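Next comes query34.csv, a file with CSV, N, CA and C atoms.
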```csv
chain,number,residue,atom,x,y,z
A,1403,MET,N,123.8,94.7,65.8
A,1403,MET,CA,124.8,93.8,66.3
A,1403,MET,C,124.2,93.1,67.5
A,1404,THR,N,124.1,91.8,67.5
A,1404,THR,CA,123.5,91.1,68.7
A,1404,THR,C,124.7,90.5,69.4
A,1405,HIS,N,124.6,90.6,70.8
A,1405,HIS,CA,125.6,90.0,71.6
A,1405,HIS,C,125.1,88.6,72.0
A,1406,THR,N,126.0,87.6,72.0
A,1406,THR,CA,125.6,86.3,72.4
A,1406,THR,C,126.2,85.9,73.7
A,1407,ALA,N,127.1,86.7,74.3
A,1407,ALA,CA,127.7,86.4,75.6
A,1407,ALA,C,127.8,87.7,76.4
A,1408,LYS,N,127.9,87.5,77.7
A,1408,LYS,CA,128.0,88.6,78.6
A,1408,LYS,C,128.9,88.2,79.8
A,1409,ARG,N,129.5,89.2,80.4
A,1409,ARG,CA,130.4,88.9,81.5
A,1409,ARG,C,129.7,89.2,82.8
A,1410,CYS,N,129.7,88.2,83.8
A,1410,CYS,CA,129.1,88.4,85.1
A,1410,CYS,C,129.9,89.3,86.0
A,1411,THR,N,129.3,90.2,86.6
A,1411,THR,CA,130.0,91.2,87.5
A,1411,THR,C,130.4,90.6,88.8
A,1412,LYS,N,129.9,89.5,89.2
A,1412,LYS,CA,130.3,88.8,90.5
A,1412,LYS,C,131.4,87.9,90.3
A,1413,CYS,N,131.2,86.9,89.4
A,1413,CYS,CA,132.3,85.9,89.2
A,1413,CYS,C,133.3,86.2,88.1
A,1414,GLY,N,132.9,87.2,87.3
A,1414,GLY,CA,133.9,87.6,86.2
A,1414,GLY,C,133.9,86.7,85.0
A,1415,GLU,N,133.1,85.6,85.0
A,1415,GLU,CA,133.2,84.7,83.8
A,1415,GLU,C,132.3,85.3,82.7
A,1416,THR,N,132.7,85.0,81.5
A,1416,THR,CA,131.9,85.3,80.3
A,1416,THR,C,131.0,84.1,80.0
A,1417,LYS,N,129.7,84.3,80.0
A,1417,LYS,CA,128.8,83.2,79.8
A,1417,LYS,C,127.8,83.6,78.7
A,1418,PRO,N,127.1,82.6,78.1
A,1418,PRO,CA,126.0,82.9,77.1
A,1418,PRO,C,124.9,83.7,77.8
A,1419,LEU,N,124.1,84.4,77.0
A,1419,LEU,CA,123.0,85.2,77.5
A,1419,LEU,C,122.0,84.4,78.2
A,1420,ALA,N,121.8,83.1,77.8
A,1420,ALA,CA,120.8,82.2,78.5
A,1420,ALA,C,121.2,82.0,80.0
A,1421,GLU,N,122.4,82.3,80.4
A,1421,GLU,CA,122.8,82.1,81.8
A,1421,GLU,C,122.5,83.3,82.6
A,1422,PHE,N,121.9,84.3,82.1
A,1422,PHE,CA,121.5,85.5,82.8
A,1422,PHE,C,120.0,85.7,82.8
A,1423,TYR,N,119.4,86.0,83.9
A,1423,TYR,CA,118.0,86.3,84.0
A,1423,TYR,C,117.7,87.6,83.3
A,1424,LEU,N,116.4,87.6,82.8
A,1424,LEU,CA,116.0,88.9,82.2
A,1424,LEU,C,115.7,89.9,83.3
A,1425,ARG,N,115.9,91.1,83.0
A,1425,ARG,CA,115.7,92.2,84.0
A,1425,ARG,C,114.2,92.3,84.2
A,1426,ARG,N,113.4,92.3,83.2
A,1426,ARG,CA,111.9,92.4,83.3
A,1426,ARG,C,111.3,91.0,82.9
A,1427,ALA,N,110.4,90.6,83.8
A,1427,ALA,CA,109.8,89.3,83.5
A,1427,ALA,C,108.9,89.4,82.3
A,1428,GLY,N,109.0,88.4,81.4
A,1428,GLY,CA,108.1,88.4,80.2
A,1428,GLY,C,108.5,89.2,79.1
A,1429,ASP,N,109.7,89.9,79.1
A,1429,ASP,CA,110.1,90.7,78.0
A,1429,ASP,C,111.4,90.1,77.5
A,1430,PRO,N,111.3,89.2,76.5
A,1430,PRO,CA,112.5,88.5,76.0
A,1430,PRO,C,113.5,89.4,75.3
A,1431,SER,N,113.1,90.6,74.9
A,1431,SER,CA,114.1,91.5,74.3
A,1431,SER,C,114.7,92.4,75.3
A,1432,GLY,N,114.2,92.4,76.5
A,1432,GLY,CA,114.7,93.3,77.6
A,1432,GLY,C,116.1,93.0,78.0
A,1433,PRO,N,116.7,93.9,78.7
A,1433,PRO,CA,118.1,93.8,79.1
A,1433,PRO,C,118.3,92.7,80.1
A,1434,ARG,N,119.4,92.1,80.2
A,1434,ARG,CA,119.7,91.0,81.1
A,1434,ARG,C,120.3,91.6,82.4
A,1435,ARG,N,120.2,90.9,83.5
A,1435,ARG,CA,120.8,91.3,84.8
A,1435,ARG,C,122.4,91.3,84.6
A,1436,ALA,N,123.0,91.9,85.6
A,1436,ALA,CA,124.5,92.0,85.5
A,1436,ALA,C,125.2,90.8,86.1
A,1437,THR,N,124.4,90.0,86.9
A,1437,THR,CA,125.0,88.8,87.5
A,1437,THR,C,124.4,87.6,86.9
A,1438,CYS,N,125.1,86.5,86.8
A,1438,CYS,CA,124.6,85.3,86.2
A,1438,CYS,C,123.7,84.5,87.1
A,1439,LYS,N,123.0,83.5,86.6
A,1439,LYS,CA,122.0,82.8,87.4
A,1439,LYS,C,122.6,82.1,88.6
A,1440,VAL,N,123.8,81.6,88.4
A,1440,VAL,CA,124.5,80.9,89.5
A,1440,VAL,C,124.8,81.8,90.7
A,1441,CYS,N,125.3,83.0,90.3
A,1441,CYS,CA,125.7,84.0,91.3
A,1441,CYS,C,124.4,84.5,92.0
A,1442,ASP,N,123.3,84.7,91.2
A,1442,ASP,CA,122.1,85.2,91.8
A,1442,ASP,C,121.5,84.2,92.8
A,1443,LYS,N,121.6,82.9,92.5
A,1443,LYS,CA,121.1,81.9,93.4
A,1443,LYS,C,122.0,81.8,94.6
A,1444,ALA,N,123.3,81.9,94.5
A,1444,ALA,CA,124.2,81.9,95.6
A,1444,ALA,C,123.9,83.1,96.6
A,1445,GLU,N,123.6,84.2,96.0
A,1445,GLU,CA,123.3,85.4,96.8
A,1445,GLU,C,122.0,85.2,97.5
A,1446,GLY,N,121.0,84.7,96.9
A,1446,GLY,CA,119.7,84.4,97.5
A,1446,GLY,C,119.8,83.4,98.6
A,1447,ASP,N,120.6,82.3,98.4
A,1447,ASP,CA,120.8,81.3,99.5
A,1447,ASP,C,121.5,82.0,100.7
A,1448,ARG,N,122.5,82.8,100.4
A,1448,ARG,CA,123.2,83.5,101.5
A,1448,ARG,C,122.3,84.4,102.3
A,1449,ARG,N,121.4,85.1,101.6
A,1449,ARG,CA,120.5,86.0,102.3
A,1449,ARG,C,119.4,85.2,103.1
A,1450,ARG,N,119.0,84.1,102.6
A,1450,ARG,CA,118.0,83.3,103.3
A,1450,ARG,C,118.6,82.7,104.5
A,1451,ALA,N,119.9,82.2,104.4
A,1451,ALA,CA,120.6,81.6,105.5
A,1451,ALA,C,120.8,82.7,106.6
A,1452,GLU,N,121.0,83.9,106.2
A,1452,GLU,CA,121.3,85.0,107.1
A,1452,GLU,C,120.1,85.4,108.0
A,1453,GLY,N,118.9,85.1,107.4
A,1453,GLY,CA,117.7,85.4,108.1
A,1453,GLY,C,117.2,86.8,107.7
A,1454,PRO,N,116.1,87.2,108.3
A,1454,PRO,CA,115.5,88.5,107.9
A,1454,PRO,C,116.4,89.6,108.3
A,1455,SER,N,116.3,90.7,107.5
A,1455,SER,CA,117.1,91.8,107.8
A,1455,SER,C,116.7,92.4,109.2
A,1456,VAL,N,117.7,93.1,109.8
A,1456,VAL,CA,117.4,93.7,111.1
A,1456,VAL,C,116.3,94.7,111.0
A,1457,ILE,N,116.3,95.6,110.0
A,1457,ILE,CA,115.3,96.6,109.9
A,1457,ILE,C,113.9,96.0,109.7
A,1458,ALA,N,113.8,94.9,108.9
A,1458,ALA,CA,112.5,94.3,108.7
A,1458,ALA,C,112.0,93.7,110.0
A,1459,GLU,N,112.9,93.1,110.7
A,1459,GLU,CA,112.5,92.5,112.0
A,1459,GLU,C,112.0,93.6,113.0
A,1460,ILE,N,112.7,94.7,113.1
A,1460,ILE,CA,112.3,95.8,114.0
A,1460,ILE,C,111.0,96.3,113.6
A,1461,MET,N,110.8,96.5,112.3
A,1461,MET,CA,109.5,97.0,111.8
A,1461,MET,C,108.4,96.0,112.1
A,1462,ARG,N,108.6,94.7,111.9
A,1462,ARG,CA,107.6,93.7,112.1
A,1462,ARG,C,107.3,93.6,113.6
A,1463,VAL,N,108.3,93.5,114.5
A,1463,VAL,CA,108.0,93.2,115.9
A,1463,VAL,C,107.8,94.5,116.6
A,1464,GLY,N,108.5,95.6,116.3
A,1464,GLY,CA,108.4,96.8,117.0
A,1464,GLY,C,109.5,96.8,118.2
A,1465,THR,N,109.6,98.0,118.8
A,1465,THR,CA,110.5,98.1,119.9
A,1465,THR,C,109.9,98.1,121.3
A,1466,SER,N,108.6,98.0,121.3
A,1466,SER,CA,107.9,98.0,122.6
A,1466,SER,C,108.2,96.7,123.4
A,1467,CYS,N,108.5,95.6,122.7
A,1467,CYS,CA,108.8,94.3,123.4
A,1467,CYS,C,110.2,93.9,122.9
A,1468,PRO,N,111.3,94.4,123.6
A,1468,PRO,CA,112.6,94.0,123.1
A,1468,PRO,C,112.9,92.6,123.3
A,1469,GLU,N,112.2,91.9,124.2
A,1469,GLU,CA,112.5,90.4,124.4
A,1469,GLU,C,112.1,89.6,123.2
A,1470,LEU,N,111.3,90.1,122.3
A,1470,LEU,CA,110.9,89.4,121.1
A,1470,LEU,C,111.8,89.5,120.0
A,1471,LEU,N,112.7,90.5,120.1
A,1471,LEU,CA,113.7,90.7,119.0
A,1471,LEU,C,114.9,89.8,119.1
A,1472,SER,N,115.5,89.5,118.0
A,1472,SER,CA,116.8,88.7,118.0
A,1472,SER,C,117.9,89.6,118.6
A,1473,ASP,N,119.0,88.9,118.9
A,1473,ASP,CA,120.1,89.7,119.5
A,1473,ASP,C,120.6,90.8,118.6
A,1474,ARG,N,120.7,90.4,117.3
A,1474,ARG,CA,121.2,91.4,116.3
A,1474,ARG,C,120.3,92.6,116.3
A,1475,ALA,N,119.0,92.4,116.2
A,1475,ALA,CA,118.0,93.5,116.1
A,1475,ALA,C,117.9,94.3,117.4
A,1476,ARG,N,118.1,93.6,118.6
A,1476,ARG,CA,118.1,94.3,119.8
A,1476,ARG,C,119.3,95.2,119.9
A,1477,ALA,N,120.4,94.7,119.5
A,1477,ALA,CA,121.6,95.6,119.5
A,1477,ALA,C,121.5,96.8,118.6
A,1478,ALA,N,120.8,96.6,117.5
A,1478,ALA,CA,120.6,97.7,116.5
A,1478,ALA,C,119.6,98.7,117.1
A,1479,ALA,N,118.5,98.2,117.7
A,1479,ALA,CA,117.5,99.1,118.2
A,1479,ALA,C,117.8,99.8,119.5
A,1480,PHE,N,118.6,99.1,120.3
A,1480,PHE,CA,119.0,99.7,121.6
A,1480,PHE,C,120.5,99.7,121.8
A,1481,PRO,N,121.2,100.6,121.1
A,1481,PRO,CA,122.7,100.5,121.2
A,1481,PRO,C,123.1,100.9,122.7
A,1482,ASN,N,124.2,100.3,123.1
A,1482,ASN,CA,124.7,100.5,124.4
A,1482,ASN,C,125.5,101.8,124.5
A,1483,LYS,N,126.1,102.2,123.4
A,1483,LYS,CA,127.0,103.4,123.4
A,1483,LYS,C,126.1,104.6,123.1
A,1484,PRO,N,126.5,105.7,123.8
A,1484,PRO,CA,125.7,106.9,123.6
A,1484,PRO,C,125.8,107.5,122.2
A,1485,ILE,N,124.8,108.3,121.9
A,1485,ILE,CA,124.7,108.9,120.5
A,1485,ILE,C,125.7,110.1,120.5
A,1486,ASP,N,126.4,110.3,119.4
A,1486,ASP,CA,127.4,111.3,119.3
A,1486,ASP,C,126.7,112.7,119.4
A,1487,PRO,N,127.2,113.6,120.3
A,1487,PRO,CA,126.5,114.9,120.4
A,1487,PRO,C,126.5,115.7,119.1
A,1488,ALA,N,127.5,115.5,118.3
A,1488,ALA,CA,127.5,116.2,117.0
A,1488,ALA,C,126.4,115.8,116.1
A,1489,LEU,N,126.0,114.5,116.2
A,1489,LEU,CA,124.8,114.1,115.4
A,1489,LEU,C,123.6,114.7,115.9
A,1490,ILE,N,123.4,114.8,117.2
A,1490,ILE,CA,122.3,115.4,117.8
A,1490,ILE,C,122.2,116.9,117.5
A,1491,ALA,N,123.3,117.6,117.5
A,1491,ALA,CA,123.3,119.0,117.2
A,1491,ALA,C,123.0,119.2,115.7
A,1492,ALA,N,123.4,118.3,114.8
A,1492,ALA,CA,123.1,118.5,113.4
A,1492,ALA,C,121.6,118.2,113.2
A,1493,TRP,N,121.1,117.2,113.9
A,1493,TRP,CA,119.7,116.9,113.7
A,1493,TRP,C,118.8,118.1,114.2
A,1494,GLN,N,119.2,118.7,115.4
A,1494,GLN,CA,118.5,119.8,115.9
A,1494,GLN,C,118.5,121.0,115.0
A,1495,ALA,N,119.7,121.2,114.4
A,1495,ALA,CA,119.8,122.3,113.4
A,1495,ALA,C,118.9,122.1,112.2
A,1496,ARG,N,118.9,120.9,111.7
A,1496,ARG,CA,118.0,120.6,110.6
A,1496,ARG,C,116.5,120.8,111.0
A,1497,GLU,N,116.1,120.4,112.1
A,1497,GLU,CA,114.7,120.5,112.6
A,1497,GLU,C,114.4,122.0,112.8
A,1498,LYS,N,115.3,122.8,113.3
A,1498,LYS,CA,115.1,124.2,113.5
A,1498,LYS,C,115.0,124.9,112.1
A,1499,ALA,N,115.8,124.6,111.1
A,1499,ALA,CA,115.7,125.1,109.8
A,1499,ALA,C,114.4,124.8,109.2
A,1500,LYS,N,113.9,123.5,109.4
A,1500,LYS,CA,112.7,123.1,108.8
A,1500,LYS,C,111.5,123.8,109.4
A,1501,ALA,N,111.5,124.1,110.7
A,1501,ALA,CA,110.5,124.8,111.4
A,1501,ALA,C,110.5,126.3,110.9
A,1502,LYS,N,111.7,126.9,110.7
A,1502,LYS,CA,111.8,128.2,110.2
A,1502,LYS,C,111.2,128.3,108.8
A,1503,ARG,N,111.5,127.3,107.9
A,1503,ARG,CA,110.9,127.4,106.6
A,1503,ARG,C,109.4,127.2,106.6
A,1504,ALA,N,108.9,126.4,107.5
A,1504,ALA,CA,107.4,126.3,107.6
A,1504,ALA,C,106.8,127.6,108.1
A,1505,ARG,N,107.4,128.2,109.1
A,1505,ARG,CA,106.9,129.5,109.6
A,1505,ARG,C,106.8,130.6,108.5
A,1506,ARG,N,107.9,130.6,107.7
A,1506,ARG,CA,108.0,131.6,106.5
A,1506,ARG,C,106.9,131.3,105.5
A,1507,ALA,N,106.7,130.0,105.2
A,1507,ALA,CA,105.7,129.6,104.2
A,1507,ALA,C,104.3,130.0,104.7
A,1508,GLU,N,104.0,129.7,106.0
A,1508,GLU,CA,102.7,130.1,106.6
A,1508,GLU,C,102.5,131.6,106.6
A,1509,LEU,N,103.6,132.4,106.9
A,1509,LEU,CA,103.5,133.8,106.8
A,1509,LEU,C,103.2,134.3,105.4
A,1510,ARG,N,103.8,133.7,104.4
A,1510,ARG,CA,103.5,134.1,103.0
A,1510,ARG,C,102.1,133.8,102.6
A,1511,ARG,N,101.6,132.6,103.1
A,1511,ARG,CA,100.2,132.2,102.8
A,1511,ARG,C,99.2,133.2,103.5
A,1512,SER,N,99.5,133.6,104.7
A,1512,SER,CA,98.6,134.5,105.4
A,1512,SER,C,98.6,135.9,104.8
A,1513,GLN,N,99.7,136.3,104.3
A,1513,GLN,CA,99.8,137.7,103.7
A,1513,GLN,C,99.2,137.7,102.3
A,1514,ASP,N,99.1,136.6,101.6
A,1514,ASP,CA,98.5,136.6,100.3
A,1514,ASP,C,97.0,136.3,100.4
A,1515,LEU,N,96.3,137.4,100.6
A,1515,LEU,CA,94.8,137.3,100.8
A,1515,LEU,C,94.1,137.0,99.5
A,1516,LYS,N,94.7,137.4,98.4
A,1516,LYS,CA,94.0,137.1,97.1
A,1516,LYS,C,94.9,136.3,96.2
A,1517,PRO,N,94.9,135.0,96.2
A,1517,PRO,CA,95.8,134.2,95.4
A,1517,PRO,C,95.6,134.6,93.9
A,1518,MET,N,96.6,134.3,93.1
A,1518,MET,CA,96.6,134.8,91.7
A,1518,MET,C,95.5,134.2,90.9
A,1519,ARG,N,95.1,132.9,91.1
A,1519,ARG,CA,94.1,132.3,90.3
A,1519,ARG,C,92.7,133.0,90.6
A,1520,PHE,N,92.5,133.4,91.8
A,1520,PHE,CA,91.2,134.1,92.1
A,1520,PHE,C,91.2,135.5,91.5
A,1521,ALA,N,92.4,136.1,91.5
A,1521,ALA,CA,92.5,137.5,91.0
A,1521,ALA,C,92.2,137.5,89.5
A,1522,ARG,N,92.7,136.4,88.8
A,1522,ARG,CA,92.4,136.3,87.4
A,1522,ARG,C,91.0,136.1,87.1
A,1523,MET,N,90.3,135.4,87.9
A,1523,MET,CA,88.9,135.1,87.7
A,1523,MET,C,88.0,136.3,87.9
A,1524,GLU,N,88.4,137.2,88.8
A,1524,GLU,CA,87.7,138.4,89.0
A,1524,GLU,C,87.8,139.4,87.9
A,1525,THR,N,88.9,139.4,87.2
A,1525,THR,CA,89.0,140.3,86.0
A,1525,THR,C,88.1,139.9,84.9
A,1526,TYR,N,87.7,138.7,84.7
A,1526,TYR,CA,86.9,138.3,83.7
A,1526,TYR,C,85.4,138.4,84.0
A,1527,ALA,N,85.1,138.7,85.3
A,1527,ALA,CA,83.7,138.7,85.7
A,1527,ALA,C,83.0,140.0,85.3
```
Let me see whether you can do it: turn the structure in this file into structure tokens.
Amino acid sequence: MTHTAKRCTKCGETKPLAEFYLRRAGDPSGPRRATCKVCDKAEGDRRRAEGPSVIAEIMRVGTSCPELLSDRARAAAFPNKPIDPALIAAWQAREKAKAKRARRAELRRSQDLKPMRFARMETYA
């Protein structure tokens, strides 16, 4: 059974399949995108008008020169409000647990003087 129409998830209209981009370029039998071409183009126009994402700008420019960042990126990179102490405590707990796991793994590696693969090789010699 072949479908000749599909419903756009953005505008909700039912349109022919030709009004939807293919998910994979060059694969005519591949699945179609969930949004129609008109909605895709409108979303792209909105993103281009909005400018580059804040994360991309911070990654490109860096934080060593805050005067080169836009106001949005500067506000994201250097927030004026203090960080929640609960977040800091949770991060410290995760780092402590990670260090503990690393110490245990190092201890296991140091105690295992003859790894299994070498032990097997010695039995055949």
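The space between atom CA of Glu1459 of chain A and atom CA of Arg1476 of chain A spans 9.8 Å.
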Next item on the list: Please measure the separation of atom N of Pro1468 of chain A and atom CA of Asn1482 of chain A, giving the value in Å to one decimal.
Entry: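 Distance between the two atoms: 14.7 Å.
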Next item on the list: Could you tell me, as a PyMOL selection string, which residues of segment 1403-1518 of chain A DSSP assigns to alpha helix (DSSP H) when given the backbone?
Entry: chain A and resi 1439-1452+1456-1463+1473-1479+1487-1513+1518
Taking the chain letters and numbering used in this document, name the residues of segment 1410-1505 of chain A that DSSP puts in strand (DSSP E), as a PDB file with N, CA and C atoms, keeping the file's coordinate frame.
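Output below, filename out-v6.pdb:
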```pdb
ATOM      1  N   THR A1416     132.700  85.000  81.500  1.00  0.00           N
ATOM      2  CA  THR A1416     131.900  85.300  80.300  1.00  0.00           C
ATOM      3  C   THR A1416     131.000  84.100  80.000  1.00  0.00           C
ATOM      4  N   LYS A1417     129.700  84.300  80.000  1.00  0.00           N
ATOM      5  CA  LYS A1417     128.800  83.200  79.800  1.00  0.00           C
ATOM      6  C   LYS A1417     127.800  83.600  78.700  1.00  0.00           C
ATOM      7  N   PRO A1418     127.100  82.600  78.100  1.00  0.00           N
ATOM      8  CA  PRO A1418     126.000  82.900  77.100  1.00  0.00           C
ATOM      9  C   PRO A1418     124.900  83.700  77.800  1.00  0.00           C
ATOM     10  N   PHE A1422     121.900  84.300  82.100  1.00  0.00           N
ATOM     11  CA  PHE A1422     121.500  85.500  82.800  1.00  0.00           C
ATOM     12  C   PHE A1422     120.000  85.700  82.800  1.00  0.00           C
ATOM     13  N   TYR A1423     119.400  86.000  83.900  1.00  0.00           N
ATOM     14  CA  TYR A1423     118.000  86.300  84.000  1.00  0.00           C
ATOM     15  C   TYR A1423     117.700  87.600  83.300  1.00  0.00           C
ATOM     16  N   LEU A1424     116.400  87.600  82.800  1.00  0.00           N
ATOM     17  CA  LEU A1424     116.000  88.900  82.200  1.00  0.00           C
ATOM     18  C   LEU A1424     115.700  89.900  83.300  1.00  0.00           C
ATOM     19  N   ARG A1434     119.400  92.100  80.200  1.00  0.00           N
ATOM     20  CA  ARG A1434     119.700  91.000  81.100  1.00  0.00           C
ATOM     21  C   ARG A1434     120.300  91.600  82.400  1.00  0.00           C
ATOM     22  N   ARG A1435     120.200  90.900  83.500  1.00  0.00           N
ATOM     23  CA  ARG A1435     120.800  91.300  84.800  1.00  0.00           C
ATOM     24  C   ARG A1435     122.400  91.300  84.600  1.00  0.00           C
ATOM     25  N   ALA A1436     123.000  91.900  85.600  1.00  0.00           N
ATOM     26  CA  ALA A1436     124.500  92.000  85.500  1.00  0.00           C
ATOM     27  C   ALA A1436     125.200  90.800  86.100  1.00  0.00           C
ATOM     28  N   THR A1437     124.400  90.000  86.900  1.00  0.00           N
ATOM     29  CA  THR A1437     125.000  88.800  87.500  1.00  0.00           C
ATOM     30  C   THR A1437     124.400  87.600  86.900  1.00  0.00           C
ATOM     31  N   CYS A1438     125.100  86.500  86.800  1.00  0.00           N
ATOM     32  CA  CYS A1438     124.600  85.300  86.200  1.00  0.00           C
ATOM     33  C   CYS A1438     123.700  84.500  87.100  1.00  0.00           C
TER      34      CYS A1438
END
```
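Picture a line from atom N of Glu1445 of chain A to atom N of Cys1410 of chain A; it runs 14.2 Å.
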Check: With distances taken over all atoms listed in the file, which of A:His1405, A:Lys1443, A:Lys1502, A:Arg1449 is nearest to Pro1418 of chain A?
Finding: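 Smallest distance to Pro1418 of chain A is found for A:His1405.
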Check: Using all atoms listed in the file, can you list as a PyMOL selection string the residues within 6 Å of (120.5, 85.8, 73.9)?
Finding: chain A and resi 1405-1406+1419-1420
Check: Looking at A:Leu1470, A:Cys1438, A:Ala1504, A:Ala1478, which one is nearest to Val1456 of chain A, with distances taken over all atoms listed in the file?
Finding: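 Ranking A:Leu1470, A:Cys1438, A:Ala1504, A:Ala1478 by distance to Val1456 of chain A, first place goes to A:Ala1478.
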